[in-house]
$ cat start26.tsv   # TSV, C-alpha atoms and all ligand atoms
chain	number	residue	atom	x	y	z
A	788	MET	CA	-28.67	-106.42	42.66
A	789	LEU	CA	-26.05	-104.97	40.32
A	790	LYS	CA	-22.88	-106.96	40.03
A	791	ALA	CA	-20.09	-104.41	40.52
A	792	LYS	CA	-17.73	-106.59	38.44
A	793	ASN	CA	-19.78	-106.36	35.25
A	794	LEU	CA	-20.79	-102.72	35.24
A	795	SER	CA	-20.70	-100.90	31.92
A	796	PRO	CA	-20.03	-97.11	32.13
A	797	GLN	CA	-23.74	-96.41	31.52
A	798	LYS	CA	-24.83	-98.73	34.32
A	799	LEU	CA	-22.17	-97.38	36.65
A	800	ALA	CA	-23.24	-93.78	35.95
A	801	ALA	CA	-26.93	-94.64	36.40
A	802	PHE	CA	-26.25	-96.54	39.63
A	803	THR	CA	-24.23	-93.68	41.15
A	804	ALA	CA	-26.70	-91.04	39.93
A	805	PHE	CA	-29.56	-93.04	41.45
A	806	ILE	CA	-27.88	-93.19	44.87
A	807	LEU	CA	-27.15	-89.45	44.76
A	808	SER	CA	-30.73	-88.70	43.72
A	809	VAL	CA	-32.11	-90.81	46.56
A	810	VAL	CA	-29.89	-88.95	49.06
A	811	MET	CA	-31.02	-85.65	47.53
A	812	ALA	CA	-34.70	-86.65	47.70
A	813	LEU	CA	-34.36	-87.74	51.32
A	814	GLY	CA	-32.66	-84.41	52.07
A	815	CYS	CA	-35.52	-82.53	50.44
A	816	LEU	CA	-38.08	-84.46	52.50
A	817	VAL	CA	-36.13	-83.80	55.70
A	818	ILE	CA	-36.08	-80.02	55.10
A	819	GLY	CA	-39.84	-80.14	54.47
A	820	ALA	CA	-40.09	-79.92	50.67
A	821	THR	CA	-43.33	-81.00	49.01
A	822	LEU	CA	-43.59	-84.34	47.19
A	823	LYS	CA	-43.58	-82.54	43.84
A	824	GLU	CA	-40.43	-80.59	44.74
A	825	THR	CA	-38.79	-83.77	46.01
A	826	LEU	CA	-39.59	-85.60	42.75
A	827	ILE	CA	-38.24	-82.71	40.66
A	828	ALA	CA	-35.05	-82.60	42.76
A	829	PHE	CA	-34.75	-86.37	42.40
A	830	GLY	CA	-35.17	-86.23	38.61
A	831	LEU	CA	-32.82	-83.28	38.11
A	832	THR	CA	-30.13	-84.74	40.33
A	833	PHE	CA	-30.39	-88.05	38.53
A	834	LEU	CA	-30.06	-86.45	35.08
A	835	VAL	CA	-27.21	-84.11	35.98
A	836	ALA	CA	-25.30	-86.75	37.94
A	837	TYR	CA	-25.85	-89.41	35.26
A	838	PHE	CA	-24.48	-87.34	32.38
A	839	LEU	CA	-21.70	-85.88	34.48
A	840	TYR	CA	-20.53	-89.33	35.55
A	841	LEU	CA	-20.88	-90.78	32.10
A	842	TYR	CA	-18.93	-87.90	30.60
A	843	THR	CA	-16.17	-88.22	33.21
A	844	LEU	CA	-15.94	-91.98	32.83
A	845	GLN	CA	-15.85	-91.92	29.07
A	846	ASN	CA	-13.47	-89.00	28.79
A	847	PHE	CA	-11.01	-89.83	31.46
A	848	ILE	CA	-11.11	-93.57	32.02
A	849	TYR	CA	-12.14	-94.74	28.56
A	850	ARG	CA	-9.68	-92.44	26.88
A	851	LYS	CA	-6.95	-94.28	28.75
A	852	ILE	CA	-8.52	-97.65	27.89
A	853	LYS	CA	-8.73	-96.59	24.24
A	854	LEU	CA	-5.01	-95.95	24.36
A	855	ILE	CA	-4.45	-99.44	25.74
A	856	TYR	CA	-6.51	-100.95	22.91
A	857	LYS	CA	-4.65	-98.85	20.36
A	858	PHE	CA	-1.44	-100.25	21.74
A	859	ILE	CA	-2.50	-103.90	21.83
A	860	TYR	CA	-4.25	-103.93	18.44
A	861	GLN	CA	-1.50	-102.15	16.57
A	862	THR	CA	-2.23	-103.92	13.34
A	863	LYS	CA	-5.93	-103.25	13.23
A	864	ALA	CA	-7.19	-101.39	10.16
A	865	SER	CA	-7.93	-97.80	11.08
A	866	LYS	CA	-11.57	-97.87	9.91
A	867	ARG	CA	-12.30	-100.93	11.96
A	868	GLU	CA	-10.48	-99.31	14.86
A	869	GLU	CA	-12.68	-96.23	14.64
A	870	PHE	CA	-15.81	-98.36	14.57
A	871	PHE	CA	-14.54	-100.34	17.54
A	872	ASN	CA	-13.69	-97.21	19.55
A	873	LYS	CA	-17.02	-95.58	18.82
A	874	ASN	CA	-19.43	-98.44	19.06
A	875	ILE	CA	-17.97	-101.41	20.85
A	876	LEU	CA	-15.51	-100.06	23.38
A	877	PRO	CA	-18.02	-97.85	25.29
A	878	LEU	CA	-20.21	-100.93	25.84
A	879	LYS	CA	-17.43	-102.98	27.35
A	880	THR	CA	-17.24	-103.43	31.07
A	881	ILE	CA	-13.95	-102.94	32.90
A	882	GLU	CA	-14.00	-106.69	33.52
A	883	GLU	CA	-14.21	-107.38	29.77
A	884	VAL	CA	-11.42	-104.91	29.09
A	885	SER	CA	-9.23	-106.63	31.63
A	886	GLU	CA	-10.07	-110.03	30.04
A	887	ASP	CA	-9.07	-108.64	26.62
A	888	VAL	CA	-5.77	-107.40	27.98
A	889	GLU	CA	-5.10	-110.72	29.71
A	890	LYS	CA	-5.88	-112.56	26.46
A	891	TRP	CA	-3.50	-110.26	24.59
A	892	ALA	CA	-0.76	-110.76	27.19
A	893	PHE	CA	-1.18	-114.55	26.95
A	894	GLN	CA	-0.99	-114.40	23.14
A	895	LYS	CA	2.17	-112.29	23.29
A	896	ARG	CA	3.72	-114.68	25.78
A	897	GLU	CA	3.06	-117.58	23.43
A	898	GLU	CA	4.49	-115.63	20.47
A	899	LEU	CA	7.62	-114.86	22.44
A	900	GLU	CA	7.94	-118.50	23.49
A	901	ASN	CA	7.62	-119.53	19.82
A	902	LEU	CA	10.24	-117.02	18.72
A	903	ARG	CA	12.60	-118.24	21.41
A	904	ARG	CA	12.06	-121.86	20.37
A	905	ASN	CA	12.64	-120.99	16.69
A	906	GLU	CA	15.77	-119.07	17.57
A	907	ALA	CA	17.16	-122.04	19.52
A	908	PHE	CA	16.16	-124.36	16.66
A	909	ARG	CA	17.87	-122.12	14.09
A	910	LYS	CA	21.05	-121.91	16.16
A	911	GLU	CA	21.16	-125.68	16.59
A	912	PHE	CA	20.51	-126.19	12.88
A	913	LEU	CA	23.35	-123.84	11.85
A	914	LEU	CA	25.69	-125.51	14.31
A	915	ASN	CA	24.79	-128.96	12.98
A	916	LEU	CA	25.03	-127.81	9.39
A	917	SER	CA	28.50	-126.31	9.75
A	918	HIS	CA	29.60	-129.48	11.49
A	919	GLU	CA	28.14	-131.66	8.72
A	920	LEU	CA	29.88	-129.57	6.04
A	921	LYS	CA	33.16	-129.31	7.89
A	922	THR	CA	33.76	-133.04	8.19
A	923	PRO	CA	33.83	-133.96	4.47
A	924	ILE	CA	35.47	-130.67	3.41
A	925	PHE	CA	38.36	-131.12	5.86
A	926	ALA	CA	38.74	-134.74	4.79
A	927	VAL	CA	38.99	-133.75	1.09
A	928	GLN	CA	41.41	-130.96	2.00
A	929	GLY	CA	43.58	-133.44	3.94
A	930	TYR	CA	43.72	-135.98	1.09
A	931	ILE	CA	44.55	-133.34	-1.56
A	932	HIS	CA	47.30	-131.74	0.53
A	933	THR	CA	48.82	-135.13	1.27
A	934	LEU	CA	48.74	-136.00	-2.43
A	935	LEU	CA	50.33	-132.66	-3.36
A	936	ASP	CA	52.97	-133.10	-0.69
A	937	GLY	CA	54.22	-136.20	-2.47
A	938	ALA	CA	51.74	-139.00	-1.97
A	939	ILE	CA	50.66	-138.60	-5.60
A	940	ASP	CA	53.83	-140.43	-6.63
A	941	ASP	CA	53.25	-143.25	-4.17
A	942	PRO	CA	51.34	-145.91	-6.12
A	943	GLN	CA	50.41	-147.65	-2.88
A	944	VAL	CA	48.23	-144.83	-1.57
A	945	ASN	CA	47.51	-142.33	-4.38
A	946	LYS	CA	44.45	-144.14	-5.73
A	947	THR	CA	43.05	-144.83	-2.26
A	948	PHE	CA	43.41	-141.17	-1.28
A	949	LEU	CA	41.69	-140.03	-4.46
A	950	LYS	CA	38.91	-142.56	-3.90
A	951	ASN	CA	38.44	-141.35	-0.32
A	952	ALA	CA	38.35	-137.74	-1.47
A	953	THR	CA	35.69	-138.65	-4.03
A	954	LYS	CA	33.67	-140.46	-1.37
A	955	ASN	CA	33.63	-137.31	0.72
A	956	ILE	CA	32.68	-135.14	-2.27
A	957	ASP	CA	29.80	-137.56	-2.95
A	958	ARG	CA	28.69	-137.15	0.64
A	959	LEU	CA	28.76	-133.38	0.27
A	960	CYS	CA	26.63	-133.64	-2.87
A	961	ARG	CA	24.11	-135.87	-1.08
A	962	LEU	CA	23.99	-133.40	1.79
A	963	ILE	CA	23.38	-130.45	-0.55
A	964	ASP	CA	20.66	-132.41	-2.39
A	965	ASP	CA	18.91	-133.27	0.88
A	966	LEU	CA	19.25	-129.71	2.17
A	967	ASP	CA	17.81	-128.41	-1.08
A	968	GLU	CA	14.89	-130.82	-0.79
A	969	ILE	CA	14.20	-129.96	2.83
A	970	SER	CA	14.37	-126.20	2.29
A	971	LYS	CA	11.96	-126.50	-0.62
A	972	LEU	CA	9.59	-128.53	1.53
A	973	GLU	CA	9.87	-126.11	4.45
A	974	SER	CA	9.37	-122.99	2.38
A	975	GLY	CA	6.17	-124.51	1.02
A	976	GLU	CA	7.60	-124.10	-2.49
A	977	MET	CA	6.86	-127.70	-3.31
A	978	THR	CA	3.30	-128.43	-4.28
A	979	ILE	CA	1.63	-131.78	-3.80
A	980	ASN	CA	0.28	-133.14	-7.08
A	981	LYS	CA	-2.02	-135.98	-6.14
A	982	GLU	CA	-2.80	-138.86	-8.42
A	983	GLN	CA	-4.30	-142.32	-7.99
A	984	PHE	CA	-1.93	-145.25	-7.98
A	985	VAL	CA	-1.54	-148.72	-6.52
A	986	ILE	CA	0.84	-148.42	-3.58
A	987	GLN	CA	2.13	-152.01	-3.85
A	988	ASP	CA	3.29	-151.30	-7.45
A	989	LEU	CA	5.31	-148.33	-6.24
A	990	ILE	CA	6.79	-150.38	-3.39
A	991	ARG	CA	7.88	-153.08	-5.90
A	992	ASP	CA	9.44	-150.34	-8.08
A	993	VAL	CA	11.46	-149.04	-5.14
A	994	PHE	CA	12.47	-152.60	-4.18
A	995	ASP	CA	13.84	-152.96	-7.74
A	996	THR	CA	15.74	-149.65	-7.54
A	997	LEU	CA	17.41	-150.66	-4.29
A	998	SER	CA	17.95	-154.33	-5.10
A	999	ILE	CA	21.70	-153.95	-5.72
A	1000	LYS	CA	22.21	-152.32	-2.32
A	1001	ALA	CA	20.15	-155.06	-0.69
A	1002	LYS	CA	22.12	-157.82	-2.42
A	1003	GLN	CA	25.37	-156.46	-1.00
A	1004	LYS	CA	24.03	-157.37	2.46
A	1005	ASP	CA	21.96	-160.37	1.37
A	1006	ILE	CA	18.81	-158.63	2.54
A	1007	LYS	CA	15.51	-159.94	1.14
A	1008	PHE	CA	12.71	-157.56	0.13
A	1009	SER	CA	9.10	-158.69	0.21
A	1010	ILE	CA	5.51	-157.60	0.57
A	1011	LYS	CA	3.87	-159.19	3.59
A	1012	LYS	CA	1.62	-162.16	2.92
A	1013	GLY	CA	-2.00	-161.07	2.90
A	1014	CYS	CA	-1.09	-157.53	1.87
A	1015	GLU	CA	-0.77	-158.21	-1.86
A	1016	ALA	CA	-4.32	-157.22	-2.87
A	1017	PRO	CA	-3.82	-153.91	-4.69
A	1018	ILE	CA	-4.71	-150.83	-2.67
A	1019	MET	CA	-5.25	-147.61	-4.57
A	1020	VAL	CA	-4.04	-144.42	-2.87
A	1021	ASN	CA	-4.42	-140.76	-3.71
A	1022	ALA	CA	-1.07	-139.00	-3.24
A	1023	ASP	CA	1.89	-137.37	-4.95
A	1024	LYS	CA	3.51	-140.46	-6.47
A	1025	GLU	CA	7.02	-139.07	-6.88
A	1026	LYS	CA	7.12	-137.70	-3.34
A	1027	ILE	CA	5.84	-140.99	-1.91
A	1028	ARG	CA	8.51	-142.74	-3.98
A	1029	GLN	CA	11.04	-140.53	-2.14
A	1030	VAL	CA	9.49	-141.53	1.22
A	1031	LEU	CA	9.71	-145.23	0.33
A	1032	ILE	CA	13.28	-144.88	-0.99
A	1033	ASN	CA	14.41	-143.21	2.24
A	1034	LEU	CA	12.68	-145.75	4.49
A	1035	ILE	CA	13.67	-148.84	2.51
A	1036	GLU	CA	17.23	-147.55	2.07
A	1037	ASN	CA	17.44	-147.10	5.84
A	1038	SER	CA	16.13	-150.63	6.36
A	1039	VAL	CA	19.14	-151.80	4.36
A	1040	LYS	CA	21.66	-149.36	5.85
A	1041	TYR	CA	20.68	-150.29	9.39
A	1042	GLY	CA	19.73	-153.86	8.53
A	1043	LYS	CA	21.75	-156.93	9.43
A	1044	GLN	CA	23.47	-159.23	6.98
A	1045	GLU	CA	20.95	-161.75	5.54
A	1046	GLY	CA	18.10	-159.79	7.06
A	1047	GLN	CA	14.66	-158.94	5.71
A	1048	THR	CA	12.71	-155.85	4.77
A	1049	ILE	CA	8.98	-156.41	4.71
A	1050	ALA	CA	6.42	-153.91	3.43
A	1051	SER	CA	2.80	-154.17	4.47
A	1052	VAL	CA	-0.25	-152.19	3.39
A	1053	TYR	CA	-3.61	-152.06	5.17
A	1054	ASN	CA	-6.92	-150.38	4.55
A	1055	MET	CA	-7.35	-148.68	7.93
A	1056	ASP	CA	-10.84	-147.26	8.10
A	1057	GLY	CA	-12.09	-147.02	4.52
A	1058	LYS	CA	-10.48	-143.56	4.27
A	1059	ARG	CA	-6.82	-144.15	4.88
A	1060	ALA	CA	-4.20	-146.74	4.04
A	1061	LEU	CA	-1.39	-147.64	6.42
A	1062	VAL	CA	1.97	-148.45	4.82
A	1063	GLU	CA	4.60	-150.09	7.02
A	1064	ILE	CA	8.25	-150.81	6.30
A	1065	SER	CA	9.71	-153.30	8.79
A	1066	ASP	CA	13.26	-154.53	9.05
A	1067	THR	CA	15.19	-157.06	11.11
A	1068	GLY	CA	18.07	-154.64	11.68
A	1069	ILE	CA	19.94	-153.09	14.58
A	1070	GLY	CA	16.86	-151.26	15.88
A	1071	MET	CA	16.83	-148.21	18.13
A	1072	ALA	CA	16.51	-147.68	21.86
A	1073	GLU	CA	13.21	-146.17	23.01
A	1074	GLU	CA	14.75	-142.84	24.04
A	1075	HIS	CA	15.70	-142.08	20.42
A	1076	LEU	CA	12.27	-142.71	18.91
A	1077	PRO	CA	10.70	-139.29	19.57
A	1078	ARG	CA	13.71	-137.56	17.97
A	1079	VAL	CA	14.63	-139.60	14.88
A	1080	PHE	CA	12.58	-137.34	12.58
A	1081	GLU	CA	14.59	-134.25	13.62
A	1082	ARG	CA	17.10	-132.87	11.16
A	1083	PHE	CA	20.59	-134.34	11.71
A	1084	TYR	CA	19.47	-136.54	14.60
A	1085	ARG	CA	21.23	-139.89	14.58
A	1086	THR	CA	21.34	-142.67	17.14
A	1087	ASP	CA	24.93	-143.40	16.18
A	1088	ARG	CA	26.65	-140.50	14.43
A	1089	ALA	CA	29.78	-142.40	13.39
A	1090	ARG	CA	27.87	-145.37	11.98
A	1091	SER	CA	25.49	-143.14	10.00
A	1092	ARG	CA	28.41	-141.19	8.50
A	1093	ASP	CA	30.31	-144.37	7.67
A	1094	ILE	CA	27.42	-145.67	5.64
A	1095	GLY	CA	26.91	-142.35	3.90
A	1096	GLY	CA	23.96	-140.96	5.85
A	1097	THR	CA	23.19	-137.25	5.81
A	1098	GLY	CA	20.91	-137.33	8.85
A	1099	LEU	CA	18.16	-135.66	6.83
A	1100	GLY	CA	16.38	-138.67	5.31
A	1101	LEU	CA	13.72	-139.10	7.97
A	1102	ALA	CA	13.18	-135.33	8.30
A	1103	ILE	CA	12.38	-135.27	4.58
A	1104	VAL	CA	10.07	-138.27	4.96
A	1105	LYS	CA	8.15	-136.56	7.78
A	1106	HIS	CA	7.80	-133.34	5.80
A	1107	ILE	CA	6.40	-135.14	2.77
A	1108	VAL	CA	3.95	-137.22	4.80
A	1109	GLU	CA	2.75	-134.17	6.73
A	1110	ALA	CA	2.41	-132.15	3.51
A	1111	HIS	CA	-0.16	-134.82	2.58
A	1112	ASP	CA	-1.94	-134.16	5.93
A	1113	GLN	CA	-1.03	-137.66	7.02
A	1114	THR	CA	0.99	-139.06	9.92
A	1115	ILE	CA	4.12	-141.13	10.42
A	1116	ASN	CA	5.32	-143.12	13.41
A	1117	VAL	CA	8.03	-145.58	14.38
A	1118	ARG	CA	8.31	-148.65	16.59
A	1119	SER	CA	11.66	-150.22	17.28
A	1120	LYS	CA	13.62	-152.52	19.55
A	1121	VAL	CA	17.40	-152.77	19.79
A	1122	GLU	CA	18.74	-155.86	17.99
A	1123	VAL	CA	15.23	-156.85	16.89
A	1124	GLY	CA	14.37	-154.30	14.23
A	1125	SER	CA	12.33	-151.22	13.34
A	1126	THR	CA	8.96	-150.51	11.75
A	1127	PHE	CA	8.16	-147.17	10.18
A	1128	GLY	CA	4.47	-146.67	9.38
A	1129	PHE	CA	2.76	-143.83	7.56
A	1130	THR	CA	-0.77	-143.21	6.41
A	1131	LEU	CA	-2.05	-142.20	2.98
A	1132	GLU	CA	-5.42	-141.15	1.65
A	1133	LEU	CA	-7.20	-144.07	-0.01
A	1134	GLY	CA	-8.06	-143.70	-3.67
A	1135	ARG	CA	-11.14	-145.15	-5.32
A	1136	GLU	CA	-11.52	-148.89	-5.00
A	1137	ILE	CA	-10.38	-151.07	-7.83
A	1138	TYR	CA	-11.96	-154.35	-8.74
A	1139	LEU	CA	-9.82	-156.80	-10.54
A	1201	LIG	P1	20.75	-141.01	8.09
A	1201	LIG	O1	21.19	-140.33	6.86
A	1201	LIG	O2	21.70	-140.85	9.23
A	1201	LIG	O3	20.32	-142.42	7.85
A	1201	LIG	P2	17.96	-140.52	8.65
A	1201	LIG	O4	17.25	-139.24	8.90
A	1201	LIG	O5	17.50	-141.35	7.52
A	1201	LIG	O6	19.48	-140.15	8.55
A	1201	LIG	O7	17.84	-141.37	9.97
A	1201	LIG	C1	18.16	-140.76	11.22
A	1201	LIG	C2	18.70	-141.79	12.19
A	1201	LIG	O8	17.68	-142.70	12.57
A	1201	LIG	C3	19.80	-142.67	11.61
A	1201	LIG	O9	21.06	-142.07	11.74
A	1201	LIG	C4	19.69	-143.92	12.44
A	1201	LIG	O10	20.39	-143.74	13.67
A	1201	LIG	C5	18.20	-144.01	12.76
A	1201	LIG	N1	17.48	-144.94	11.84
A	1201	LIG	C6	16.76	-144.60	10.75
A	1201	LIG	N2	16.21	-145.67	10.18
A	1201	LIG	C7	16.58	-146.73	10.92
A	1201	LIG	C8	16.34	-148.14	10.86
A	1201	LIG	N3	15.57	-148.67	9.91
A	1201	LIG	N4	16.89	-148.93	11.82
A	1201	LIG	C9	17.63	-148.40	12.81
A	1201	LIG	N5	17.92	-147.08	12.93
A	1201	LIG	C10	17.39	-146.24	11.99
$ encode --input "start26.tsv" --output "structure tokens"
Amino acid sequence: MLKAKNLSPQKLAAFTAFILSVVMALGCLVIGATLKETLIAFGLTFLVAYFLYLYTLQNFIYRKIKLIYKFIYQTKASKREEFFNKNILPLKTIEEVSEDVEKWAFQKREELENLRRNEAFRKEFLLNLSHELKTPIFAVQGYIHTLLDGAIDDPQVNKTFLKNATKNIDRLCRLIDDLDEISKLESGEMTINKEQFVIQDLIRDVFDTLSIKAKQKDIKFSIKKGCEAPIMVNADKEKIRQVLINLIENSVKYGKQEGQTIASVYNMDGKRALVEISDTGIGMAEEHLPRVFERFYRTDRARSRDIGGTGLGLAIVKHIVEAHDQTINVRSKVEVGSTFGFTLELGREIYL
């Protein structure tokens, strides 16, 4: 039995022509025609009805369907379109055409959803950005006006005001640097130049760079016991240095006086290394964890600003790690501390 749902135009025409021919043949028999005449009438009716139906279907219905396809595949190259219209479209059943249209509608809905999300994201970003720029600019403006209005001659405040203005200018510079970095990463302008290096050596380098900051809070840096055996990774060394600087700097910024920052490195599965930076700092509540990698997201805006944060450090970290096709995650508990872990591709083994 023919399934009405999956009929192609040819099958539909043949089916209808067959029914008509049978009716015609029965009619012939009823009016007393011979078997030969009945067969001829059957054959002729079938042929005429078949081609008539096929012609009607293709010219009236498929012309409309062709228009629909033209509309939904606007970007298709014209040669391919011609081939499709001539050779593929006539073979499609109405059911298949409707599936194609549904697929197209679904795709469009997703595209629209994406555009809407991006639009909301862009709006939020601009709002955040203007806010981030406004705060230090207004502060500098305030200090300079106050100085010009007479405070410059007051030895008790003039230096402090200038120092505060400089602090805000420094913050602006850091913000511009981070924005520059993030826009380069997002535009795909930055290429990843992989090389083989021992990750613990790079961690020690970054510990050295940040040692003065750590000393100010009496925070101790160390590599976890058992994780000292050198592990070779294959990654962009300078970009991973940036990742480590941002994470280790955060462990100090949000670390407690006399706290600890511990780095650990593991060979995960023979293919990837896991690098973790743990601190004994203020930690974060669980509800913040899924959002800390967003641009300008902070658990405590005032505290981050006070300690010179731009709110872009972790967004940069995530970009760099993902540009390496690797992943990053965070675990944290308020008043206990945080652990940021990211993976890296393992390099060739080294034997010492
Ligand atoms: P910021 O410049 O504000 O430090 P980041 O993108 O580096 O920006 O971090 C985003 C937010 O995540 C911070 O404002 C802070 O609230 C939180 N955070 C990051 N690292 C830590 C950490 N080690 N301990 C506690 N909170 C952290």
$ closest_residue --input "start26.tsv" --among "A:Phe858, A:Phe1083, A:Tyr842, A:Phe1008" --to "Leu913 (chain A)" --atoms "all atoms listed in the file"
A:Phe1083
$ axis_aligned_box --input "start26.tsv" --around "ligand LIG 1201 (chain A)" --padding-each-side "6 Å" --output "lines of an AutoDock Vina configuration file"
center_x = 18.6
center_y = -144.1
center_z = 10.3
size_x = 18.1
size_y = 21.7
size_z = 18.8
$ residues_near_ligand --input "start26.tsv" --ligand "ligand LIG 1201 (chain A)" --cutoff "9 Å" --atoms "all atoms listed in the file" --output "number ranges by chain"
A: 1033-1042, 1064-1071, 1075-1076, 1078-1092, 1094-1104, 1119-1121, 1124-1127
$ residues_around --input "start26.tsv" --residues "region 993-1007 of chain A" --least-positions-apart "4" --cutoff "9 Å" --atoms "only C-alpha atoms" --output "ChimeraX atom specification"
/A:988-989,1028,1031-1032,1035-1036,1039-1040,1042-1049
$ residues_near_point --input "start26.tsv" --point "(-6.6, -142.7, -4.7)" --cutoff "6 Å" --atoms "only C-alpha atoms" --output "PyMOL selection string"
chain A and resi 983+1019-1021+1133-1135
$ atom_distance --input "start26.tsv" --atom1 "CA of Asp1023 (chain A)" --atom2 "CA of Ala1110 (chain A)"
10.0 Å
$ closest_residue --input "start26.tsv" --among "A:Glu1063, A:Glu982, A:Asp1056, A:Glu1074" --to "Glu1025 (chain A)" --atoms "all atoms listed in the file"
A:Glu982
$ closest_residue --input "start26.tsv" --among "A:Leu816, A:Leu841, A:Ile827, A:Leu949" --to "Ala801 (chain A)" --atoms "only C-alpha atoms"
A:Leu841
$ residues_around --input "start26.tsv" --residues "Ala812 (chain A)" --least-positions-apart "6" --cutoff "8 Å" --atoms "only C-alpha atoms" --output "JSON, numbers by chain"
{"A": [825, 826, 828, 829]}
$ write_last_selection --input "start26.tsv" --atoms "C-alpha atoms" --output "compact mmCIF listing (two decimals), in the coordinates of the input"
# COMPACT_ATOMS: atom_id res chain seq x y z
CA THR A 825 -38.79 -83.77 46.01
CA LEU A 826 -39.59 -85.60 42.75
CA ALA A 828 -35.05 -82.60 42.76
CA PHE A 829 -34.75 -86.37 42.40
$ residues_around --input "start26.tsv" --residues "Cys1014 (chain A)" --least-positions-apart "6" --cutoff "12 Å" --atoms "all atoms listed in the file" --output "list of chain:residue names"
A:Ile986, A:Gln987, A:Ile990, A:Ile1049, A:Ala1050, A:Ser1051, A:Val1052, A:Tyr1053, A:Asn1054, A:Ala1060, A:Leu1061, A:Val1062, A:Glu1063
$ atom_distance --input "start26.tsv" --atom1 "CA of Val1123 (chain A)" --atom2 "CA of Ile1010 (chain A)"
19.0 Å
$ closest_residue --input "start26.tsv" --among "A:His1106, A:His918, A:His1111, A:Arg904" --to "Glu968 (chain A)" --atoms "all atoms listed in the file"
A:His1106
